[in-house]
>>> print(open('work.txt').read())   # compact mmCIF, C-alpha atoms and all ligand atoms
# COMPACT_ATOMS: atom_id res chain seq x y z
CA MET A 1 27.37 37.92 -17.02
CA ASN A 2 28.58 37.72 -20.62
CA ILE A 3 26.10 38.75 -23.31
CA GLY A 4 26.82 38.49 -27.02
CA ILE A 5 26.55 36.65 -30.31
CA ASP A 6 25.70 33.01 -29.71
CA LYS A 7 25.17 32.18 -33.39
CA ILE A 8 25.79 34.01 -36.67
CA SER A 9 24.97 33.18 -40.29
CA PHE A 10 24.42 34.97 -43.57
CA HIS A 11 22.54 34.51 -46.81
CA VAL A 12 23.02 35.90 -50.32
CA PRO A 13 20.94 35.11 -53.43
CA ASN A 14 22.03 32.48 -55.88
CA TYR A 15 23.22 34.94 -58.56
CA TYR A 16 26.25 37.13 -59.01
CA LEU A 17 27.92 39.34 -61.60
CA ASP A 18 31.67 39.19 -62.17
CA MET A 19 33.20 42.65 -61.85
CA THR A 20 35.42 42.11 -64.90
CA ASP A 21 32.26 41.65 -66.99
CA LEU A 22 30.76 44.82 -65.52
CA ALA A 23 33.98 46.76 -66.17
CA ASN A 24 34.12 45.58 -69.78
CA ALA A 25 30.47 46.48 -70.35
CA ARG A 26 31.03 49.95 -68.90
CA GLU A 27 34.30 50.44 -70.83
CA THR A 28 36.30 50.72 -67.60
CA ASP A 29 39.64 49.17 -66.68
CA PRO A 30 38.73 46.03 -64.62
CA ASN A 31 41.57 46.95 -62.22
CA LYS A 32 39.57 49.95 -61.11
CA PHE A 33 36.94 47.58 -59.68
CA HIS A 34 39.21 44.73 -58.53
CA ILE A 35 42.04 46.90 -57.11
CA GLY A 36 40.66 50.45 -56.95
CA LEU A 37 37.43 49.41 -55.17
CA GLY A 38 38.48 45.91 -54.04
CA GLN A 39 35.46 44.09 -55.49
CA ASP A 40 35.51 40.84 -57.51
CA GLN A 41 31.82 39.86 -57.66
CA MET A 42 28.48 41.44 -56.84
CA ALA A 43 25.39 39.60 -55.53
CA ILE A 44 22.24 40.09 -57.62
CA ILE A 45 18.70 39.43 -56.39
CA PRO A 46 15.66 38.38 -58.46
CA ALA A 47 12.34 40.24 -58.03
CA THR A 48 10.87 37.19 -56.25
CA GLN A 49 13.22 37.74 -53.28
CA ASP A 50 13.50 40.68 -50.89
CA ILE A 51 14.79 41.54 -47.41
CA VAL A 52 12.19 39.22 -45.88
CA THR A 53 13.42 36.19 -47.82
CA LEU A 54 17.08 37.12 -47.32
CA GLY A 55 16.58 37.56 -43.57
CA ALA A 56 14.47 34.41 -43.18
CA CYS A 57 17.04 32.33 -45.10
CA ALA A 58 19.92 33.66 -42.98
CA ALA A 59 18.14 33.03 -39.67
CA ALA A 60 16.62 29.64 -40.57
CA LYS A 61 20.13 28.18 -40.82
CA ILE A 62 20.92 28.77 -37.15
CA LEU A 63 17.70 28.61 -35.15
CA THR A 64 16.64 25.49 -33.26
CA THR A 65 13.10 24.84 -32.00
CA GLU A 66 14.37 25.69 -28.53
CA ASP A 67 15.75 29.04 -29.76
CA LYS A 68 12.40 29.86 -31.35
CA GLN A 69 10.64 29.36 -28.00
CA ALA A 70 13.19 31.59 -26.20
CA ILE A 71 13.23 34.52 -28.66
CA ASP A 72 11.41 37.58 -27.27
CA MET A 73 12.38 40.04 -30.00
CA VAL A 74 12.98 39.97 -33.73
CA ILE A 75 14.71 43.17 -34.85
CA VAL A 76 15.45 43.85 -38.50
CA GLY A 77 17.95 46.59 -39.35
CA THR A 78 17.38 47.69 -42.94
CA GLU A 79 17.13 50.59 -45.37
CA SER A 80 15.48 48.45 -48.08
CA SER A 81 12.00 48.17 -46.61
CA THR A 82 9.13 47.78 -49.04
CA ASP A 83 6.57 49.23 -46.62
CA PHE A 84 6.47 52.44 -44.57
CA SER A 85 4.32 50.82 -41.86
CA LYS A 86 4.58 47.06 -41.60
CA SER A 87 8.01 45.75 -40.72
CA ALA A 88 9.82 42.86 -42.37
CA ALA A 89 10.40 41.54 -38.84
CA VAL A 90 6.70 40.66 -38.37
CA ILE A 91 6.72 38.55 -41.54
CA ILE A 92 10.04 36.89 -40.69
CA HIS A 93 8.69 36.15 -37.21
CA ARG A 94 5.84 34.16 -38.79
CA LEU A 95 7.93 32.48 -41.49
CA LEU A 96 10.34 31.17 -38.84
CA ASP A 97 7.60 30.00 -36.43
CA ILE A 98 8.94 32.05 -33.53
CA GLN A 99 6.78 31.92 -30.39
CA PRO A 100 3.91 34.47 -30.66
CA PHE A 101 4.53 36.55 -27.51
CA ALA A 102 7.45 38.39 -29.11
CA ARG A 103 8.19 41.96 -30.21
CA SER A 104 8.95 42.34 -33.94
CA PHE A 105 10.08 45.61 -35.49
CA GLU A 106 12.46 47.33 -37.90
CA VAL A 107 15.12 49.95 -37.17
CA LYS A 108 16.58 52.45 -39.62
CA GLN A 109 19.66 54.66 -39.82
CA ALA A 110 21.27 53.81 -43.16
CA CYS A 111 23.96 51.15 -42.73
CA TYR A 112 24.06 51.71 -38.98
CA GLY A 113 20.64 50.00 -38.43
CA GLY A 114 22.10 46.54 -37.81
CA THR A 115 24.34 47.86 -35.05
CA ALA A 116 21.45 49.76 -33.42
CA ALA A 117 19.51 46.46 -33.44
CA LEU A 118 22.45 44.52 -32.01
CA GLN A 119 22.97 46.99 -29.16
CA GLN A 120 19.26 46.95 -28.38
CA ALA A 121 19.40 43.16 -28.27
CA HIS A 122 22.24 43.39 -25.76
CA ASP A 123 20.25 45.73 -23.51
CA TYR A 124 17.19 43.45 -23.58
CA VAL A 125 19.15 40.33 -22.67
CA ALA A 126 20.89 42.25 -19.86
CA LEU A 127 17.44 42.74 -18.30
CA HIS A 128 16.02 39.31 -19.27
CA PRO A 129 18.99 36.92 -19.16
CA GLU A 130 16.98 33.77 -19.88
CA ARG A 131 15.54 35.16 -23.12
CA LYS A 132 17.06 35.56 -26.60
CA VAL A 133 16.91 38.20 -29.35
CA LEU A 134 17.13 37.57 -33.08
CA VAL A 135 18.88 40.39 -34.94
CA ILE A 136 18.78 40.51 -38.74
CA ALA A 137 20.63 43.03 -40.90
CA ALA A 138 19.23 42.73 -44.43
CA ASP A 139 19.54 45.01 -47.45
CA ILE A 140 19.58 45.37 -51.21
CA ALA A 141 22.10 48.01 -52.32
CA LYS A 142 21.09 49.43 -55.71
CA TYR A 143 22.38 52.64 -57.29
CA GLY A 144 21.07 52.08 -60.85
CA LEU A 145 22.49 50.78 -64.12
CA ASN A 146 25.39 52.86 -65.44
CA SER A 147 25.48 54.95 -62.26
CA GLY A 148 28.65 55.98 -60.37
CA GLY A 149 27.70 53.68 -57.50
CA GLU A 150 26.91 50.66 -59.75
CA PRO A 151 30.14 48.76 -58.93
CA THR A 152 29.41 49.15 -55.20
CA GLN A 153 26.01 47.42 -55.25
CA GLY A 154 25.23 44.07 -53.59
CA CYS A 155 22.69 42.44 -51.28
CA GLY A 156 22.27 39.90 -48.52
CA ALA A 157 21.40 39.38 -44.87
CA VAL A 158 23.25 38.49 -41.69
CA ALA A 159 21.38 36.90 -38.76
CA MET A 160 22.71 36.94 -35.20
CA LEU A 161 21.23 35.33 -32.11
CA VAL A 162 22.01 37.39 -29.00
CA THR A 163 22.00 35.54 -25.67
CA LYS A 164 23.71 35.36 -22.30
CA ASP A 165 26.76 33.06 -22.12
CA PRO A 166 27.25 33.29 -25.90
CA HIS A 167 29.30 30.72 -27.78
CA ILE A 168 31.03 33.12 -30.22
CA LEU A 169 31.57 36.69 -29.01
CA ALA A 170 30.76 38.73 -25.90
CA PHE A 171 30.16 42.49 -25.81
CA ASN A 172 32.68 44.53 -23.82
CA ASN A 173 30.23 47.42 -23.19
CA ASP A 174 32.72 49.97 -24.47
CA SER A 175 30.77 51.61 -27.31
CA VAL A 176 31.71 55.06 -28.50
CA PHE A 177 29.26 56.71 -30.92
CA TYR A 178 29.08 59.84 -33.05
CA SER A 179 26.27 61.60 -34.96
CA GLU A 180 26.61 64.31 -37.60
CA ASP A 181 23.73 65.67 -39.71
CA VAL A 182 25.15 65.46 -43.25
CA TYR A 183 23.85 64.55 -46.71
CA ASP A 184 26.44 62.13 -48.09
CA PHE A 185 23.94 59.40 -49.04
CA TRP A 186 20.17 59.47 -48.54
CA ARG A 187 17.04 58.10 -50.21
CA PRO A 188 14.00 60.41 -50.03
CA ALA A 189 10.53 58.78 -50.20
CA GLY A 190 9.60 58.00 -53.80
CA HIS A 191 13.16 57.50 -55.04
CA ASP A 192 14.08 54.03 -56.30
CA TYR A 193 17.78 54.71 -55.75
CA PRO A 194 19.73 56.71 -53.18
CA LEU A 195 21.11 60.16 -53.85
CA VAL A 196 24.80 60.06 -53.10
CA ASP A 197 27.85 62.27 -53.10
CA GLY A 198 30.30 59.39 -53.39
CA HIS A 199 33.55 61.20 -52.75
CA MET A 200 32.12 63.22 -49.87
CA SER A 201 30.73 59.98 -48.36
CA ASN A 202 34.22 58.43 -48.46
CA GLN A 203 35.65 61.41 -46.60
CA ILE A 204 32.89 61.49 -43.96
CA TYR A 205 33.35 57.75 -43.41
CA ILE A 206 37.09 58.21 -42.75
CA ASP A 207 36.57 61.31 -40.58
CA SER A 208 33.89 59.49 -38.55
CA PHE A 209 36.20 56.55 -38.01
CA THR A 210 39.12 58.68 -36.83
CA ARG A 211 36.81 60.62 -34.49
CA VAL A 212 35.35 57.53 -32.76
CA TRP A 213 38.78 55.89 -32.74
CA GLU A 214 40.32 58.89 -30.94
CA GLN A 215 37.37 59.03 -28.54
CA ASN A 216 37.67 55.29 -27.92
CA LYS A 217 41.35 55.66 -27.05
CA LYS A 218 40.47 58.40 -24.56
CA VAL A 219 37.37 56.86 -22.98
CA ASN A 220 38.52 53.24 -22.90
CA GLN A 221 42.25 53.87 -22.47
CA THR A 222 43.16 51.63 -25.42
CA ASP A 223 45.36 51.61 -28.50
CA SER A 224 45.61 49.36 -31.56
CA THR A 225 47.66 46.72 -29.73
CA ASP A 226 44.60 45.87 -27.61
CA TYR A 227 42.77 44.50 -30.68
CA ALA A 228 43.49 41.23 -32.45
CA ALA A 229 41.68 42.67 -35.47
CA LEU A 230 39.75 45.76 -36.54
CA THR A 231 36.67 45.21 -38.69
CA PHE A 232 34.80 47.86 -40.69
CA HIS A 233 31.53 48.61 -42.45
CA LEU A 234 32.35 47.58 -46.03
CA PRO A 235 30.48 49.52 -48.77
CA TYR A 236 33.34 48.22 -50.94
CA THR A 237 36.41 46.60 -49.49
CA LYS A 238 38.88 49.41 -50.26
CA MET A 239 36.82 51.76 -48.05
CA GLY A 240 37.62 50.15 -44.71
CA ARG A 241 41.25 49.77 -45.76
CA LYS A 242 41.46 53.52 -46.36
CA ALA A 243 40.05 54.18 -42.88
CA LEU A 244 42.42 51.65 -41.31
CA ARG A 245 45.38 53.29 -43.06
CA ALA A 246 44.30 56.69 -41.73
CA ILE A 247 45.48 55.59 -38.26
CA TYR A 248 48.73 53.95 -39.45
CA PRO A 249 50.87 56.97 -38.48
CA GLU A 250 50.32 56.05 -34.81
CA MET A 251 51.56 52.44 -35.30
CA SER A 252 54.80 50.60 -35.94
CA GLU A 253 55.23 48.94 -39.33
CA ALA A 254 54.86 45.49 -37.77
CA GLU A 255 51.58 46.57 -36.17
CA GLN A 256 50.31 47.91 -39.51
CA GLN A 257 51.14 44.59 -41.20
CA ARG A 258 49.44 42.61 -38.43
CA LEU A 259 46.18 44.56 -38.76
CA GLU A 260 46.30 44.59 -42.57
CA ALA A 261 46.60 40.77 -42.61
CA ARG A 262 43.49 40.47 -40.40
CA TYR A 263 41.74 43.05 -42.60
CA ASP A 264 42.35 40.86 -45.67
CA GLU A 265 40.73 37.92 -43.87
CA ALA A 266 37.73 40.08 -42.96
CA ILE A 267 37.00 41.22 -46.53
CA SER A 268 37.09 37.85 -48.29
CA TYR A 269 33.27 37.43 -48.34
CA SER A 270 32.51 41.08 -49.14
CA ARG A 271 34.81 40.99 -52.18
CA GLN A 272 32.41 38.33 -53.54
CA VAL A 273 29.14 39.94 -52.49
CA GLY A 274 29.40 43.75 -52.50
CA ASN A 275 27.58 46.12 -50.18
CA LEU A 276 24.94 44.67 -47.83
CA TYR A 277 24.40 48.10 -46.23
CA THR A 278 23.33 47.17 -42.64
CA GLY A 279 24.83 43.69 -42.92
CA SER A 280 28.23 44.67 -44.36
CA LEU A 281 30.09 45.05 -41.07
CA TYR A 282 28.72 41.70 -39.89
CA LEU A 283 29.52 39.90 -43.15
CA GLY A 284 33.06 41.19 -42.55
CA LEU A 285 32.93 39.85 -39.01
CA ALA A 286 31.75 36.43 -40.28
CA SER A 287 34.57 36.42 -42.85
CA LEU A 288 37.14 37.23 -40.16
CA LEU A 289 35.83 34.49 -37.85
CA ASP A 290 35.78 31.90 -40.64
CA ASN A 291 39.12 32.78 -42.26
CA SER A 292 41.38 33.79 -39.39
CA ASP A 293 43.07 31.94 -36.59
CA LEU A 294 42.20 34.25 -33.70
CA ALA A 295 42.41 32.87 -30.15
CA ALA A 296 39.73 32.78 -27.46
CA GLY A 297 39.99 35.84 -25.20
CA GLU A 298 41.19 38.10 -28.02
CA LYS A 299 39.35 41.33 -28.71
CA ILE A 300 37.89 42.38 -32.08
CA GLY A 301 37.16 46.07 -32.74
CA LEU A 302 34.11 46.88 -34.89
CA PHE A 303 33.49 50.14 -36.75
CA SER A 304 29.91 50.69 -37.84
CA TYR A 305 29.02 53.55 -40.21
CA GLY A 306 25.63 54.63 -41.52
CA SER A 307 25.46 57.59 -43.88
CA GLY A 308 23.66 60.63 -42.74
CA ALA A 309 25.64 59.97 -40.47
CA VAL A 310 25.95 57.80 -37.36
CA SER A 311 29.00 55.78 -36.45
CA GLU A 312 30.01 53.57 -33.55
CA PHE A 313 33.17 51.81 -32.46
CA PHE A 314 32.87 48.94 -30.00
CA SER A 315 34.62 45.69 -29.23
CA MET A 316 33.72 42.07 -28.60
CA THR A 317 35.79 39.25 -27.06
CA LEU A 318 36.11 35.78 -28.57
CA MET A 319 34.71 32.92 -26.51
CA GLU A 320 36.35 29.56 -25.76
CA ASP A 321 35.86 27.09 -28.66
CA TYR A 322 34.03 29.71 -30.77
CA LYS A 323 35.14 27.94 -33.96
CA LYS A 324 32.82 25.03 -33.12
CA SER A 325 29.81 27.35 -33.44
CA LEU A 326 30.66 28.66 -36.92
CA THR A 327 29.21 27.37 -40.20
CA VAL A 328 32.35 27.78 -42.30
CA GLU A 329 31.77 25.01 -44.85
CA ALA A 330 28.17 26.05 -45.49
CA ASN A 331 29.29 29.67 -45.96
CA TYR A 332 31.95 28.66 -48.48
CA ALA A 333 29.46 26.46 -50.35
CA LEU A 334 26.82 29.22 -50.46
CA LEU A 335 29.24 31.56 -52.23
CA ALA A 336 30.85 28.92 -54.44
CA ASP A 337 27.60 27.40 -55.72
CA ARG A 338 26.12 30.63 -57.06
CA GLN A 339 25.35 31.12 -60.73
CA ALA A 340 27.19 33.79 -62.74
CA LEU A 341 25.00 36.12 -64.80
CA SER A 342 25.87 37.65 -68.14
CA ILE A 343 25.56 41.43 -68.43
CA ALA A 344 22.26 41.05 -70.32
CA GLU A 345 20.88 38.72 -67.62
CA TYR A 346 22.06 41.08 -64.87
CA GLU A 347 20.46 44.13 -66.48
CA LYS A 348 17.19 42.24 -66.99
CA MET A 349 17.10 40.88 -63.41
CA PHE A 350 18.12 44.26 -62.02
CA SER A 351 15.28 46.05 -63.81
CA GLU A 352 12.49 43.57 -63.02
CA LYS A 353 10.00 44.73 -60.40
CA LEU A 354 6.93 43.21 -58.79
CA PRO A 355 3.67 44.66 -60.13
CA THR A 356 2.19 47.52 -58.07
CA ASP A 357 -1.27 47.73 -59.68
CA GLY A 358 -2.96 45.75 -56.90
CA GLY A 359 -3.64 42.77 -59.21
CA THR A 360 -3.00 39.09 -58.51
CA TYR A 361 0.13 37.54 -59.98
CA SER A 362 1.90 34.22 -59.28
CA PHE A 363 5.62 33.52 -59.53
CA SER A 364 7.81 30.49 -59.42
CA ASP A 365 11.04 30.52 -57.38
CA SER A 366 12.25 27.33 -55.71
CA SER A 367 14.48 29.06 -53.13
CA ASP A 368 13.92 28.18 -49.44
CA PHE A 369 11.95 31.39 -48.94
CA ALA A 370 10.58 33.35 -51.91
CA ILE A 371 7.61 35.46 -53.02
CA ASN A 372 5.18 33.17 -54.84
CA LYS A 373 2.24 35.53 -55.22
CA ILE A 374 1.33 39.19 -54.96
CA SER A 375 -2.27 40.24 -54.63
CA GLU A 376 -3.77 43.57 -53.51
CA ASP A 377 -0.20 44.67 -52.79
CA ILE A 378 0.36 41.88 -50.26
CA ARG A 379 3.43 39.72 -50.82
CA TYR A 380 2.84 35.99 -50.19
CA TYR A 381 5.90 33.95 -49.29
CA ASN A 382 6.51 30.22 -49.60
CA LYS A 383 8.56 28.48 -46.93
P1 LIG B 1 34.56 56.74 -58.78
O1 LIG B 1 34.59 58.19 -59.11
O2 LIG B 1 33.93 55.83 -59.76
O3 LIG B 1 35.99 56.13 -58.56
O4 LIG B 1 33.83 56.61 -57.37
P2 LIG B 1 37.38 56.87 -58.27
O5 LIG B 1 37.83 57.61 -59.46
O6 LIG B 1 37.32 57.59 -56.96
O7 LIG B 1 38.30 55.57 -58.14
C1 LIG B 1 38.11 54.67 -57.07
C2 LIG B 1 39.49 54.09 -56.74
O8 LIG B 1 39.92 53.29 -57.84
C3 LIG B 1 40.57 55.15 -56.52
O9 LIG B 1 41.40 54.68 -55.49
C4 LIG B 1 41.33 55.14 -57.85
O10 LIG B 1 42.66 55.60 -57.74
C5 LIG B 1 41.26 53.66 -58.18
P3 LIG B 1 41.57 55.56 -54.12
O11 LIG B 1 42.17 56.85 -54.53
O12 LIG B 1 40.17 55.75 -53.61
O13 LIG B 1 42.43 54.71 -53.26
N1 LIG B 1 41.44 53.38 -59.63
C6 LIG B 1 42.21 52.36 -60.08
N2 LIG B 1 42.95 51.44 -59.43
C7 LIG B 1 43.60 50.51 -60.20
N3 LIG B 1 43.57 50.50 -61.55
C8 LIG B 1 42.82 51.40 -62.23
C9 LIG B 1 42.11 52.40 -61.49
N4 LIG B 1 41.29 53.41 -61.83
C10 LIG B 1 40.90 54.00 -60.67
N5 LIG B 1 42.79 51.37 -63.57
C11 LIG B 1 32.84 55.68 -55.42
C12 LIG B 1 33.98 55.57 -56.44
C13 LIG B 1 33.10 54.67 -54.30
C14 LIG B 1 32.80 57.09 -54.85
C15 LIG B 1 31.50 55.35 -56.15
O14 LIG B 1 31.51 54.02 -56.58
C16 LIG B 1 30.28 55.57 -55.25
O15 LIG B 1 29.72 56.68 -55.25
N6 LIG B 1 29.81 54.51 -54.49
C17 LIG B 1 28.66 54.65 -53.58
C18 LIG B 1 28.99 55.43 -52.32
C19 LIG B 1 29.89 54.66 -51.34
O16 LIG B 1 30.04 53.48 -51.42
N7 LIG B 1 30.45 55.39 -50.37
C20 LIG B 1 31.28 54.79 -49.35
C21 LIG B 1 31.30 55.57 -48.04
S1 LIG B 1 29.65 55.91 -47.45
C22 LIG B 1 29.13 54.40 -46.76
O17 LIG B 1 29.89 53.53 -46.53
C23 LIG B 1 27.67 54.27 -46.49
C24 LIG B 1 26.90 53.44 -47.48
O18 LIG B 1 27.16 52.08 -47.29
C25 LIG B 1 25.39 53.71 -47.39
C26 LIG B 1 24.72 53.67 -46.02
O19 LIG B 1 25.23 54.02 -44.97
O20 LIG B 1 23.52 53.34 -46.04
C27 LIG B 1 27.28 53.76 -48.93
>>> encode(input="work.txt", output="structure tokens")
Amino acid sequence: MNIGIDKISFHVPNYYLDMTDLANARETDPNKFHIGLGQDQMAIIPATQDIVTLGACAAAKILTTEDKQAIDMVIVGTESSTDFSKSAAVIIHRLLDIQPFARSFEVKQACYGGTAALQQAHDYVALHPERKVLVIAADIAKYGLNSGGEPTQGCGAVAMLVTKDPHILAFNNDSVFYSEDVYDFWRPAGHDYPLVDGHMSNQIYIDSFTRVWEQNKKVNQTDSTDYAALTFHLPYTKMGRKALRAIYPEMSEAEQQRLEARYDEAISYSRQVGNLYTGSLYLGLASLLDNSDLAAGEKIGLFSYGSGAVSEFFSMTLMEDYKKSLTVEANYALLADRQALSIAEYEKMFSEKLPTDGGTYSFSDSSDFAINKISEDIRYYNK
């Protein structure tokens, strides 16, 4: 029985900052951001939206009434939770009118959380083939104004419906994973922004990739020619490229060019959005599916990395007619129709926070899902 991604969609807020404007404001050569990091735009979120609204918006685009009756689990992978106890999944479950006899919970391991959720979804469907699991990877990546990580911020959510006989991609059950207790990026309780050793995190990312890649070759008896494309967690789009190039010595030049061309197709959306933490790998996957011409039966390799650090390499196979199940035009329109912010508008929106004094405040935001009131530290969402 095939199990995999039956539907996939993503959502980003309606605002972005152009990286040339950020570079000029920070007295940096714009080429450092566009070429050195591989980022052109960065998604910015207003205070009236959060991982709940991002996740609900992403999932609402793909779920039918029938899906909502068949979903047994809603799993949110995130590191941007606003609550230590209550999960975003419980709220999203209600906002989307999913049948009540469902499990809803959050999983956390930095940017790896979305993959943990996806693999758990696979295991559940393997035991309950008639049921479905909704996986959401939603995050808001913020390092602070004028910080070293500022050009690698971003936000958004990817929603995936995991079922048997999927229409888009099937798991190949070939995961290889690796854990290493390191402090490259972490956010202790009470900190608004993560603590990060940027250059060390780059190195651990590459080392983790080469380790799982070598292990994958051994365990699954594969090499690069078995994959139509390799996709990567994308904190910024140069990062995955550096990891990909780390294994070039084992390939012919033609093979390097083939994989680099697919890589360029996979980073098109991330160049315009920035880091989605848990969702980044899957935004890259969506970009590859929408922008490439891969054939049914071909295998895509996925490298997931979450600082701290856990990584996983696994593959999925494209299903017959998968293109018919994609939402390419809507994805293009979502990115194209966003509003550019000036630096002053970005800095204001970035710094705005919801009140935390327990009082009652109302807000106006006409997005499909948004926070319209906070009272006694409960967020109220409009649908
Ligand atoms: P930095 O010190 O600002 O930049 O840090 P740099 O000096 O290293 O330059 C970056 C690149 O731009 C270099 O290229 C320069 O040569 C190039 P590279 O050597 O890397 O190929 N450059 C230029 N290119 C063209 N024209 C120019 C120019 N100037 C320089 N004029 C850093 C960059 C990414 C470290 C920083 O932004 C940061 O700390 N970001 C946050 C951490 C991060 O994203 N780490 C990635 C790996 S960890 C990860 O992926 C997990 C994560 O998603 C979190 C999670 O798991 O939850 C972050």
>>> residues_around(input="work.txt", residues="Tyr380 (chain A)", least_positions_apart="4", cutoff="10 Å", atoms="all atoms listed in the file", output="PyMOL selection string")
chain A and resi 91+362+370-375
>>> residues_near_ligand(input="work.txt", ligand="ligand LIG 1 (chain B)", cutoff="8 Å", atoms="only C-alpha atoms and all ligand atoms", output="ChimeraX atom specification")
/A:28-37,79,109-112,143,148-153,184-186,196-205,233-236,238-239,242,275-278,305-309
>>> closest_residue(input="work.txt", among="A:Lys7, A:Arg94, A:Lys142, A:Arg187", to="Thr163 (chain A)", atoms="all atoms listed in the file")
A:Lys7
>>> atom_distance(input="work.txt", atom1="CA of Ser85 (chain A)", atom2="CA of Phe105 (chain A)")
10.0 Å
>>> residues_near_point(input="work.txt", point="(10.8, 44.4, -30.0)", cutoff="7 Å", atoms="only C-alpha atoms", output="JSON, numbers by chain")
{"A": [73, 74, 75, 102, 103, 104, 105]}
>>> residues_around(input="work.txt", residues="region 16-24 of chain A", least_positions_apart="6", cutoff="9 Å", atoms="only C-alpha atoms", output="list in words")
Pro30, Asn31, Lys32, Phe33, His34, Gln39, Asp40, Gln41, Met42, Ala43, Ile44, Ile45, Pro151, Gly154, Gln272, Val273, Arg338, Gln339, Ala340, Leu341, Ser342, Ile343 and Tyr346 of chain A
>>> atom_distance(input="work.txt", atom1="CA of Asn331 (chain A)", atom2="CA of Ala141 (chain A)")
20.7 Å
>>> residues_near_point(input="work.txt", point="(25.7, 35.3, -25.7)", cutoff="9 Å", atoms="all atoms listed in the file", output="mmCIF file with C-alpha atoms, in the frame of the given file")
data_model
loop_
_atom_site.group_PDB
_atom_site.id
_atom_site.type_symbol
_atom_site.label_atom_id
_atom_site.label_comp_id
_atom_site.auth_asym_id
_atom_site.auth_seq_id
_atom_site.Cartn_x
_atom_site.Cartn_y
_atom_site.Cartn_z
ATOM 1 C CA ASN A 2 28.580 37.720 -20.620
ATOM 2 C CA ILE A 3 26.100 38.750 -23.310
ATOM 3 C CA GLY A 4 26.820 38.490 -27.020
ATOM 4 C CA ILE A 5 26.550 36.650 -30.310
ATOM 5 C CA ASP A 6 25.700 33.010 -29.710
ATOM 6 C CA LYS A 7 25.170 32.180 -33.390
ATOM 7 C CA HIS A 122 22.240 43.390 -25.760
ATOM 8 C CA VAL A 125 19.150 40.330 -22.670
ATOM 9 C CA LYS A 132 17.060 35.560 -26.600
ATOM 10 C CA LEU A 161 21.230 35.330 -32.110
ATOM 11 C CA VAL A 162 22.010 37.390 -29.000
ATOM 12 C CA THR A 163 22.000 35.540 -25.670
ATOM 13 C CA LYS A 164 23.710 35.360 -22.300
ATOM 14 C CA ASP A 165 26.760 33.060 -22.120
ATOM 15 C CA PRO A 166 27.250 33.290 -25.900
ATOM 16 C CA HIS A 167 29.300 30.720 -27.780
ATOM 17 C CA ILE A 168 31.030 33.120 -30.220
ATOM 18 C CA LEU A 169 31.570 36.690 -29.010
ATOM 19 C CA ALA A 170 30.760 38.730 -25.900
ATOM 20 C CA PHE A 171 30.160 42.490 -25.810
#
>>> closest_residue(input="work.txt", among="A:Phe101, A:Glu345, A:Ala137, A:Cys57", to="Lys383 (chain A)", atoms="only C-alpha atoms")
A:Cys57
>>> residues_around(input="work.txt", residues="region 8-10 of chain A", least_positions_apart="3", cutoff="9 Å", atoms="all atoms listed in the file", output="count of residues only")
23
>>> closest_residue(input="work.txt", among="A:Ala47, A:Leu134, A:Leu95, A:Ala261", to="Leu244 (chain A)", atoms="all atoms listed in the file")
A:Ala261
>>> closest_residue(input="work.txt", among="A:Gln215, A:Pro13, A:Asp290, A:Val310", to="Asp181 (chain A)", atoms="only C-alpha atoms")
A:Val310
>>> residues_around(input="work.txt", residues="Thr82 (chain A)", least_positions_apart="6", cutoff="9 Å", atoms="only C-alpha atoms", output="PDB file with C-alpha atoms, in the frame of the given file")
ATOM      1  CA  ASP A  50      13.500  40.680 -50.890  1.00  0.00           C
ATOM      2  CA  ILE A  51      14.790  41.540 -47.410  1.00  0.00           C
ATOM      3  CA  ALA A  88       9.820  42.860 -42.370  1.00  0.00           C
TER       4      ALA A  88
END
>>> atom_distance(input="work.txt", atom1="CA of Gly358 (chain A)", atom2="CA of Ile378 (chain A)")
8.4 Å
>>> closest_residue(input="work.txt", among="A:Leu334, A:Val133, A:Val12, A:Ala138", to="Ala70 (chain A)", atoms="all atoms listed in the file")
A:Val133
>>> residues_around(input="work.txt", residues="region 263-267 of chain A", least_positions_apart="4", cutoff="9 Å", atoms="all atoms listed in the file", output="VMD selection string")
chain A and resid 38 229 to 232 234 237 240 to 241 244 258 to 259 271 to 272 283 to 292
>>> closest_residue(input="work.txt", among="A:Thr356, A:Asn220, A:Gln99, A:Ser268", to="Val176 (chain A)", atoms="all atoms listed in the file")
A:Asn220
>>> decode(input="work.txt", residues="region 313-325 of chain A", atoms="C-alpha atoms", output="CSV table (one decimal), in the first residue's frame")
chain,number,residue,atom,x,y,z
A,313,PHE,CA,17.3,12.0,4.7
A,314,PHE,CA,14.4,10.2,3.1
A,315,SER,CA,12.8,9.9,-0.3
A,316,MET,CA,9.4,10.0,-1.9
A,317,THR,CA,8.2,8.8,-5.3
A,318,LEU,CA,6.1,10.9,-7.7
A,319,MET,CA,2.6,9.6,-8.4
A,320,GLU,CA,0.9,9.3,-11.8
A,321,ASP,CA,-0.7,12.6,-12.8
A,322,TYR,CA,0.6,14.4,-9.7
A,323,LYS,CA,0.6,17.7,-11.5
A,324,LYS,CA,-3.3,17.7,-11.5
A,325,SER,CA,-3.3,17.8,-7.7
